[in-house]
>>> print(open('entry-v5.txt').read())   # compact mmCIF, C-alpha atoms
# COMPACT_ATOMS: atom_id res chain seq x y z
CA MET C 1 19.46 -21.69 6.64
CA ASP C 2 17.19 -21.63 9.64
CA ALA C 3 13.43 -21.92 9.67
CA PRO C 4 12.56 -18.19 9.97
CA THR C 5 14.72 -17.34 6.96
CA LEU C 6 13.13 -20.09 4.89
CA THR C 7 9.67 -18.89 5.90
CA PHE C 8 10.70 -15.36 4.97
CA LEU C 9 11.95 -16.43 1.56
CA ALA C 10 8.81 -18.41 0.78
CA LEU C 11 6.54 -15.53 1.82
CA ALA C 12 8.71 -13.00 -0.01
CA THR C 13 8.42 -14.99 -3.23
CA LEU C 14 4.66 -15.13 -2.80
CA LEU C 15 4.55 -11.39 -2.13
CA VAL C 16 6.56 -10.52 -5.24
CA VAL C 17 4.46 -12.85 -7.40
CA SER C 18 1.17 -11.45 -6.13
CA SER C 19 2.40 -7.85 -6.55
CA LEU C 20 3.36 -8.66 -10.13
CA LEU C 21 -0.12 -10.12 -10.64
CA VAL C 22 -1.70 -6.89 -9.35
CA VAL C 23 0.24 -4.94 -11.96
CA LEU C 24 -0.01 -7.36 -14.90
CA LEU C 25 -3.41 -9.06 -14.75
CA PRO C 26 -5.80 -7.52 -17.31
CA ASN C 27 -8.92 -8.26 -15.27
CA VAL C 28 -9.38 -5.68 -12.51
CA VAL C 29 -11.19 -8.03 -10.13
CA HIS C 30 -8.38 -10.59 -10.39
CA GLY C 31 -5.91 -7.80 -9.70
CA ALA C 32 -7.86 -6.82 -6.60
CA MET C 33 -7.76 -10.41 -5.35
CA ALA C 34 -3.99 -10.51 -5.90
CA LEU C 35 -3.72 -7.25 -3.93
CA VAL C 36 -5.65 -8.81 -1.04
CA THR C 37 -3.14 -11.68 -1.07
CA ALA C 38 -0.22 -9.24 -1.05
CA LEU C 39 -1.71 -7.25 1.86
CA LEU C 40 -2.29 -10.39 3.91
CA ILE C 41 1.30 -11.53 3.33
CA ILE C 42 2.54 -8.11 4.43
CA SER C 43 0.48 -8.44 7.60
CA VAL C 44 2.22 -11.77 8.24
CA PHE C 45 5.53 -9.92 7.94
CA PHE C 46 4.28 -7.37 10.48
CA VAL C 47 3.55 -10.15 12.94
CA MET C 48 6.99 -11.69 12.28
CA LEU C 49 8.53 -8.28 13.06
CA GLN C 50 6.81 -8.09 16.46
CA ALA C 51 4.15 -5.64 15.40
CA PRO C 52 1.04 -7.78 16.05
CA MET C 53 -1.25 -4.81 16.63
CA VAL C 54 -0.30 -3.19 13.33
CA GLY C 55 -0.69 -6.57 11.62
CA VAL C 56 -4.26 -6.89 12.90
CA LEU C 57 -4.96 -3.31 11.78
CA GLN C 58 -3.55 -4.17 8.37
CA VAL C 59 -5.99 -7.06 7.98
CA LEU C 60 -8.95 -5.05 9.27
CA VAL C 61 -8.33 -1.75 7.53
CA TYR C 62 -6.53 -2.71 4.32
CA ALA C 63 -7.55 -6.23 3.42
CA GLY C 64 -10.97 -5.61 4.94
CA ALA C 65 -12.30 -2.11 4.53
CA ILE C 66 -10.23 -0.60 1.73
CA MET C 67 -10.33 -3.66 -0.54
CA VAL C 68 -14.09 -4.04 -0.06
CA LEU C 69 -14.39 -0.42 -1.14
CA PHE C 70 -12.27 -1.13 -4.23
CA LEU C 71 -14.33 -4.18 -5.15
CA PHE C 72 -17.53 -2.24 -4.58
CA VAL C 73 -16.41 0.48 -6.99
CA ILE C 74 -15.25 -2.12 -9.56
CA MET C 75 -18.65 -3.83 -9.44
CA PHE C 76 -20.42 -0.47 -9.49
CA LEU C 77 -18.63 0.84 -12.58
CA ASN C 78 -18.19 -2.57 -14.26
CA PRO C 79 -15.66 -1.25 -16.79
CA ALA C 80 -16.15 -3.38 -19.87
CA ALA C 81 -13.82 -1.65 -22.33
CA PRO C 82 -10.51 -3.53 -22.58
CA GLU C 83 -7.31 -1.58 -22.06
CA ARG C 84 -5.30 -0.71 -25.10
CA SER C 85 -1.98 -2.50 -25.31
CA HIS C 86 1.03 -0.92 -23.67
CA ARG C 87 3.95 -3.13 -24.64
CA VAL C 88 6.40 -0.32 -25.37
CA TRP C 89 5.72 1.51 -22.14
CA LEU C 90 5.94 -1.73 -20.21
CA GLY C 91 9.55 -2.04 -21.38
CA PHE C 92 10.41 1.52 -20.40
CA ALA C 93 8.65 1.26 -17.07
CA GLY C 94 10.29 -2.08 -16.36
CA LEU C 95 13.73 -0.61 -16.95
CA LEU C 96 12.89 2.42 -14.80
CA ALA C 97 11.55 0.23 -12.02
CA VAL C 98 14.63 -1.99 -12.04
CA LEU C 99 16.81 1.11 -11.73
CA LEU C 100 14.64 2.47 -8.93
CA GLY C 101 14.68 -0.85 -7.11
CA ALA C 102 18.46 -1.06 -7.39
CA LEU C 103 18.84 2.52 -6.13
CA LEU C 104 16.50 1.98 -3.16
CA THR C 105 18.23 -1.28 -2.29
CA ALA C 106 21.68 0.29 -2.47
CA MET C 107 20.56 3.17 -0.26
CA LEU C 108 18.63 1.13 2.26
CA ILE C 109 21.09 -1.67 2.94
CA LYS C 110 23.76 0.80 4.02
CA THR C 111 22.04 1.16 7.38
CA GLU C 112 23.59 -0.71 10.22
CA THR C 113 21.80 -1.75 13.36
CA ALA C 114 22.54 -3.93 16.31
CA ALA C 115 21.75 -7.59 15.82
CA ASP C 116 18.75 -7.67 18.13
CA PRO C 117 18.30 -4.39 19.96
CA ILE C 118 15.07 -4.99 21.82
CA ALA C 119 16.05 -8.38 23.27
CA SER C 120 12.42 -9.46 23.15
CA THR C 121 10.74 -7.41 25.79
CA ASP C 122 7.34 -8.99 25.52
CA LEU C 123 5.53 -5.69 25.46
CA PHE C 124 7.13 -4.42 22.26
CA GLY C 125 4.50 -3.94 19.58
CA SER C 126 1.62 -4.66 21.94
CA PRO C 127 -1.51 -2.49 21.89
CA GLU C 128 -0.36 -0.96 25.19
CA MET C 129 2.94 0.28 23.80
CA LEU C 130 1.30 1.51 20.61
CA ALA C 131 -1.37 3.34 22.58
CA LYS C 132 1.23 4.92 24.88
CA SER C 133 3.12 6.33 21.89
CA LEU C 134 -0.02 7.29 20.04
CA PHE C 135 -1.76 9.12 22.87
CA GLY C 136 1.44 10.44 24.43
CA ASP C 137 3.95 11.84 21.98
CA PHE C 138 1.72 11.68 18.92
CA VAL C 139 -1.57 12.94 20.24
CA LEU C 140 -1.63 16.04 18.04
CA PRO C 141 -0.99 14.12 14.78
CA PHE C 142 -3.67 11.68 15.95
CA GLU C 143 -6.23 14.46 16.23
CA ILE C 144 -5.18 15.86 12.87
CA ALA C 145 -5.64 12.39 11.35
CA SER C 146 -9.16 12.25 12.74
CA ILE C 147 -9.96 15.61 11.13
CA LEU C 148 -8.46 14.32 7.87
CA LEU C 149 -10.76 11.30 7.97
CA LEU C 150 -13.76 13.54 8.61
CA VAL C 151 -12.81 15.71 5.63
CA ALA C 152 -12.41 12.56 3.52
CA ILE C 153 -15.91 11.35 4.47
CA VAL C 154 -17.50 14.69 3.58
CA GLY C 155 -15.43 14.96 0.39
CA ALA C 156 -16.37 11.46 -0.77
CA VAL C 157 -20.08 12.13 -0.26
CA VAL C 158 -19.86 15.44 -2.12
CA LEU C 159 -17.89 13.93 -5.01
CA ALA C 160 -19.92 10.77 -5.45
CA LEU C 161 -23.36 12.31 -5.08
CA ARG C 162 -25.12 12.72 -8.35
CA GLU C 163 -25.22 16.41 -9.24
CA ARG C 164 -28.52 17.97 -8.49
CA ARG C 165 -29.93 21.24 -9.65
CA LEU C 166 -30.51 23.36 -6.60
CA MET E 1 16.25 -14.18 12.97
CA VAL E 2 15.83 -12.73 9.48
CA PRO E 3 18.30 -9.89 8.85
CA LEU E 4 17.05 -6.36 8.33
CA ASN E 5 18.47 -6.15 4.83
CA TYR E 6 16.20 -8.90 3.55
CA TYR E 7 13.13 -6.90 4.51
CA LEU E 8 14.54 -3.70 3.00
CA ILE E 9 15.35 -5.38 -0.33
CA LEU E 10 11.90 -7.00 -0.42
CA SER E 11 10.13 -3.71 0.15
CA ALA E 12 12.29 -1.98 -2.47
CA ILE E 13 11.25 -4.66 -4.99
CA VAL E 14 7.55 -4.36 -4.13
CA PHE E 15 7.76 -0.56 -4.35
CA ALA E 16 9.36 -0.80 -7.82
CA ILE E 17 6.61 -3.19 -8.96
CA GLY E 18 4.03 -0.66 -7.79
CA VAL E 19 5.81 2.02 -9.85
CA ILE E 20 5.51 -0.20 -12.95
CA GLY E 21 1.76 -0.41 -12.35
CA VAL E 22 1.36 3.35 -12.00
CA LEU E 23 3.40 4.01 -15.13
CA THR E 24 1.97 1.43 -17.52
CA ARG E 25 -1.63 0.66 -16.68
CA ARG E 26 -4.45 2.46 -18.47
CA ASN E 27 -7.09 1.82 -15.84
CA LEU E 28 -7.52 4.30 -13.00
CA ILE E 29 -8.59 1.63 -10.51
CA VAL E 30 -5.46 -0.44 -11.16
CA VAL E 31 -3.33 2.70 -10.84
CA LEU E 32 -4.88 3.35 -7.43
CA MET E 33 -4.28 -0.27 -6.40
CA SER E 34 -0.62 0.05 -7.43
CA ILE E 35 -0.34 3.13 -5.22
CA GLU E 36 -1.72 1.08 -2.32
CA LEU E 37 0.96 -1.52 -3.06
CA MET E 38 3.67 1.16 -2.90
CA LEU E 39 2.31 2.49 0.40
CA ASN E 40 2.44 -1.02 1.83
CA ALA E 41 6.03 -1.49 0.71
CA VAL E 42 6.91 1.67 2.64
CA ASN E 43 4.95 0.39 5.65
CA LEU E 44 7.03 -2.78 5.60
CA THR E 45 10.19 -0.65 5.71
CA PHE E 46 8.82 1.33 8.66
CA ILE E 47 7.98 -1.81 10.63
CA ALA E 48 11.33 -3.45 9.84
CA PHE E 49 13.24 -0.38 11.04
CA SER E 50 11.01 -0.12 14.10
CA ARG E 51 11.83 -3.70 15.00
CA PHE E 52 15.56 -3.42 14.41
CA LEU E 53 16.00 -0.02 16.07
CA GLY E 54 13.81 -1.08 18.97
CA SER E 55 11.56 1.97 18.86
CA MET E 56 7.80 2.27 18.56
CA GLU E 57 7.83 5.37 16.35
CA GLY E 58 7.85 3.29 13.17
CA GLN E 59 4.68 1.50 14.16
CA VAL E 60 2.97 4.79 14.96
CA ALA E 61 4.03 6.08 11.54
CA VAL E 62 2.45 3.01 9.91
CA PHE E 63 -0.73 3.73 11.83
CA PHE E 64 -0.85 7.23 10.35
CA VAL E 65 0.02 5.96 6.86
CA MET E 66 -2.96 3.61 7.11
CA ALA E 67 -5.28 6.46 8.11
CA VAL E 68 -4.05 8.62 5.24
CA ALA E 69 -4.26 5.67 2.82
CA ALA E 70 -7.85 5.06 3.82
CA ALA E 71 -8.69 8.72 3.17
CA GLU E 72 -6.78 8.61 -0.12
CA ALA E 73 -8.61 5.47 -1.30
CA VAL E 74 -12.01 6.92 -0.42
CA ILE E 75 -11.38 10.24 -2.20
CA GLY E 76 -9.64 8.57 -5.13
CA LEU E 77 -12.50 6.16 -5.72
CA ALA E 78 -15.05 8.96 -5.42
CA ILE E 79 -13.13 10.94 -8.04
CA ILE E 80 -12.98 7.84 -10.27
CA ILE E 81 -16.76 7.44 -9.97
CA SER E 82 -17.42 11.03 -10.94
CA VAL E 83 -14.88 10.86 -13.82
CA TYR E 84 -16.61 7.74 -15.09
CA ARG E 85 -19.97 9.50 -14.96
CA HIS E 86 -18.67 12.32 -17.12
CA ARG E 87 -16.66 10.31 -19.65
CA GLN E 88 -17.81 6.68 -19.49
CA SER E 89 -14.13 5.71 -19.45
CA LEU E 90 -11.43 4.90 -16.92
CA ASP E 91 -8.51 5.57 -19.26
CA PRO E 92 -6.18 8.26 -17.85
CA GLN E 93 -4.88 8.90 -21.39
CA GLU E 94 -8.22 10.45 -22.29
CA MET E 95 -8.12 13.00 -19.49
CA GLN E 96 -6.22 15.75 -21.23
CA LEU E 97 -8.35 18.86 -21.03
CA LEU E 98 -5.49 20.66 -19.32
CA LYS E 99 -2.87 19.30 -21.69
CA TRP E 100 -1.21 21.90 -23.83
>>> encode(input="entry-v5.txt", output="structure tokens")
Amino acid sequence: MDAPTLTFLALATLLVVSSLLVVLLPNVVHGAMALVTALLIISVFFVMLQAPMVGVLQVLVYAGAIMVLFLFVIMFLNPAAPERSHRVWLGFAGLLAVLLGALLTAMLIKTETAADPIASTDLFGSPEMLAKSLFGDFVLPFEIASILLLVAIVGAVVLALRERRL
Amino acid sequence: MVPLNYYLILSAIVFAIGVIGVLTRRNLIVVLMSIELMLNAVNLTFIAFSRFLGSMEGQVAVFFVMAVAAAEAVIGLAIIISVYRHRQSLDPQEMQLLKW
């Protein structure tokens, strides 16, 4: 096996372990830390797949902004009550998830592609290429996404504000 | 170079793990974090296909998924905060006002 494959396997093991920790750890803060690990490993995969710009965005937006928001809410609520046990459902859900994973794998690996279609044009995945797609073909979805974010900001403020008698 | 199938199998596994979290956990915050995990597994599939088909559309799709995920996390956490204010609990089992 060559070096990239070995790197992939090591990182993939880490990713699976940290995802399992997110799901199984009883302490929410520990789970959030495991999720940060998983997101960072996924951003490494993005860089390996020649998507450096998206990898940087992953670190900034996910591992940075979204996870800080999660931790902030965890600290804010400080949920002390322990979860009730869920052994039975864990078995069912495990079975279901194994079936789902097998199904997804069977469906996904049917796809066939050329061995290396882009032949390493250096620009692929660069901010320039991303921006050309984003502001060329996808400019309307981009504007809609900005409106969505605006709605989310207003909605979050309305939901999280303490109710006041007007 | 690492074959495409490796990435696809990995993201299928991570997605299934996220499903376990959504189905079994009794804490709304952990459920939301599992959903983020599932979204990231899908993002990995997008990027892998984008790389192996040589087209930028996958990366643009990931960009939009990130924007929607940010909105979803913000609204979800705001809803969790207001649920916690009303019930002093994060257990989704207790939210059954609409249950017949």
>>> interface_residues(input="entry-v5.txt", of="chain E", to="chain C", cutoff="6 Å", atoms="only C-alpha atoms", output="list in words")
Val2, Asn5, Ile9, Ala12, Ile13, Ala16, Ile20, Gly21, Thr24, Arg51, Gly54, Ala71, Ile75 and Ala78 of chain E
>>> atom_distance(input="entry-v5.txt", atom1="CA of Ile29 (chain E)", atom2="CA of Pro92 (chain E)")
10.2 Å
>>> residues_around(input="entry-v5.txt", residues="Leu44 (chain E)", least_positions_apart="3", cutoff="10 Å", atoms="only C-alpha atoms", output="PDB file with C-alpha atoms, keeping the file's coordinate frame")
ATOM      1  CA  ILE C  42       2.540  -8.110   4.430  1.00  0.00           C
ATOM      2  CA  SER C  43       0.480  -8.440   7.600  1.00  0.00           C
ATOM      3  CA  PHE C  45       5.530  -9.920   7.940  1.00  0.00           C
ATOM      4  CA  PHE C  46       4.280  -7.370  10.480  1.00  0.00           C
ATOM      5  CA  LEU C  49       8.530  -8.280  13.060  1.00  0.00           C
TER       6      LEU C  49
ATOM      7  CA  TYR E   7      13.130  -6.900   4.510  1.00  0.00           C
ATOM      8  CA  LEU E   8      14.540  -3.700   3.000  1.00  0.00           C
ATOM      9  CA  LEU E  10      11.900  -7.000  -0.420  1.00  0.00           C
ATOM     10  CA  SER E  11      10.130  -3.710   0.150  1.00  0.00           C
ATOM     11  CA  ALA E  12      12.290  -1.980  -2.470  1.00  0.00           C
ATOM     12  CA  VAL E  14       7.550  -4.360  -4.130  1.00  0.00           C
ATOM     13  CA  MET E  38       3.670   1.160  -2.900  1.00  0.00           C
ATOM     14  CA  LEU E  39       2.310   2.490   0.400  1.00  0.00           C
ATOM     15  CA  ASN E  40       2.440  -1.020   1.830  1.00  0.00           C
ATOM     16  CA  ALA E  41       6.030  -1.490   0.710  1.00  0.00           C
ATOM     17  CA  ILE E  47       7.980  -1.810  10.630  1.00  0.00           C
ATOM     18  CA  ALA E  48      11.330  -3.450   9.840  1.00  0.00           C
ATOM     19  CA  PHE E  49      13.240  -0.380  11.040  1.00  0.00           C
ATOM     20  CA  SER E  50      11.010  -0.120  14.100  1.00  0.00           C
ATOM     21  CA  GLY E  58       7.850   3.290  13.170  1.00  0.00           C
ATOM     22  CA  GLN E  59       4.680   1.500  14.160  1.00  0.00           C
ATOM     23  CA  VAL E  62       2.450   3.010   9.910  1.00  0.00           C
TER      24      VAL E  62
END
>>> atom_distance(input="entry-v5.txt", atom1="CA of Val36 (chain C)", atom2="CA of Tyr6 (chain E)")
22.3 Å
>>> atom_distance(input="entry-v5.txt", atom1="CA of Ala61 (chain E)", atom2="CA of Asn43 (chain E)")
8.2 Å
>>> build_atoms(input="entry-v5.txt", residues="region 59-77 of chain C", atoms="N, CA and C atoms", output="mmCIF file, keeping the file's coordinate frame")
data_model
loop_
_atom_site.group_PDB
_atom_site.id
_atom_site.type_symbol
_atom_site.label_atom_id
_atom_site.label_comp_id
_atom_site.auth_asym_id
_atom_site.auth_seq_id
_atom_site.Cartn_x
_atom_site.Cartn_y
_atom_site.Cartn_z
ATOM 1 N N VAL C 59 -4.943 -6.170 8.472
ATOM 2 C CA VAL C 59 -5.990 -7.060 7.980
ATOM 3 C C VAL C 59 -7.338 -6.365 8.009
ATOM 4 N N LEU C 60 -7.621 -5.678 9.134
ATOM 5 C CA LEU C 60 -8.950 -5.050 9.270
ATOM 6 C C LEU C 60 -9.127 -3.912 8.288
ATOM 7 N N VAL C 61 -8.144 -2.989 8.270
ATOM 8 C CA VAL C 61 -8.330 -1.750 7.530
ATOM 9 C C VAL C 61 -8.052 -1.958 6.041
ATOM 10 N N TYR C 62 -6.899 -2.574 5.733
ATOM 11 C CA TYR C 62 -6.530 -2.710 4.320
ATOM 12 C C TYR C 62 -7.281 -3.856 3.665
ATOM 13 N N ALA C 63 -6.958 -5.068 4.078
ATOM 14 C CA ALA C 63 -7.550 -6.230 3.420
ATOM 15 C C ALA C 63 -9.053 -6.261 3.624
ATOM 16 N N GLY C 64 -9.536 -5.666 4.728
ATOM 17 C CA GLY C 64 -10.970 -5.610 4.940
ATOM 18 C C GLY C 64 -11.587 -4.414 4.267
ATOM 19 N N ALA C 65 -11.500 -3.266 4.939
ATOM 20 C CA ALA C 65 -12.300 -2.110 4.530
ATOM 21 C C ALA C 65 -11.911 -1.576 3.162
ATOM 22 N N ILE C 66 -10.622 -1.288 2.952
ATOM 23 C CA ILE C 66 -10.230 -0.600 1.730
ATOM 24 C C ILE C 66 -10.481 -1.483 0.510
ATOM 25 N N MET C 67 -10.161 -2.792 0.629
ATOM 26 C CA MET C 67 -10.330 -3.660 -0.540
ATOM 27 C C MET C 67 -11.801 -3.886 -0.849
ATOM 28 N N VAL C 68 -12.654 -3.932 0.196
ATOM 29 C CA VAL C 68 -14.090 -4.040 -0.060
ATOM 30 C C VAL C 68 -14.570 -2.812 -0.826
ATOM 31 N N LEU C 69 -14.037 -1.651 -0.435
ATOM 32 C CA LEU C 69 -14.390 -0.420 -1.140
ATOM 33 C C LEU C 69 -13.971 -0.496 -2.602
ATOM 34 N N PHE C 70 -12.746 -0.985 -2.852
ATOM 35 C CA PHE C 70 -12.270 -1.130 -4.230
ATOM 36 C C PHE C 70 -13.191 -2.050 -5.014
ATOM 37 N N LEU C 71 -13.491 -3.223 -4.441
ATOM 38 C CA LEU C 71 -14.330 -4.180 -5.150
ATOM 39 C C LEU C 71 -15.712 -3.609 -5.406
ATOM 40 N N PHE C 72 -16.227 -2.858 -4.420
ATOM 41 C CA PHE C 72 -17.530 -2.240 -4.580
ATOM 42 C C PHE C 72 -17.522 -1.293 -5.773
ATOM 43 N N VAL C 73 -16.475 -0.476 -5.876
ATOM 44 C CA VAL C 73 -16.410 0.480 -6.990
ATOM 45 C C VAL C 73 -16.236 -0.261 -8.312
ATOM 46 N N ILE C 74 -15.431 -1.347 -8.318
ATOM 47 C CA ILE C 74 -15.250 -2.120 -9.560
ATOM 48 C C ILE C 74 -16.590 -2.688 -10.024
ATOM 49 N N MET C 75 -17.344 -3.273 -9.079
ATOM 50 C CA MET C 75 -18.650 -3.830 -9.440
ATOM 51 C C MET C 75 -19.597 -2.727 -9.881
ATOM 52 N N PHE C 76 -19.518 -1.584 -9.217
ATOM 53 C CA PHE C 76 -20.420 -0.470 -9.490
ATOM 54 C C PHE C 76 -20.195 0.081 -10.895
ATOM 55 N N LEU C 77 -18.917 0.261 -11.267
ATOM 56 C CA LEU C 77 -18.630 0.840 -12.580
ATOM 57 C C LEU C 77 -18.643 -0.225 -13.668
#
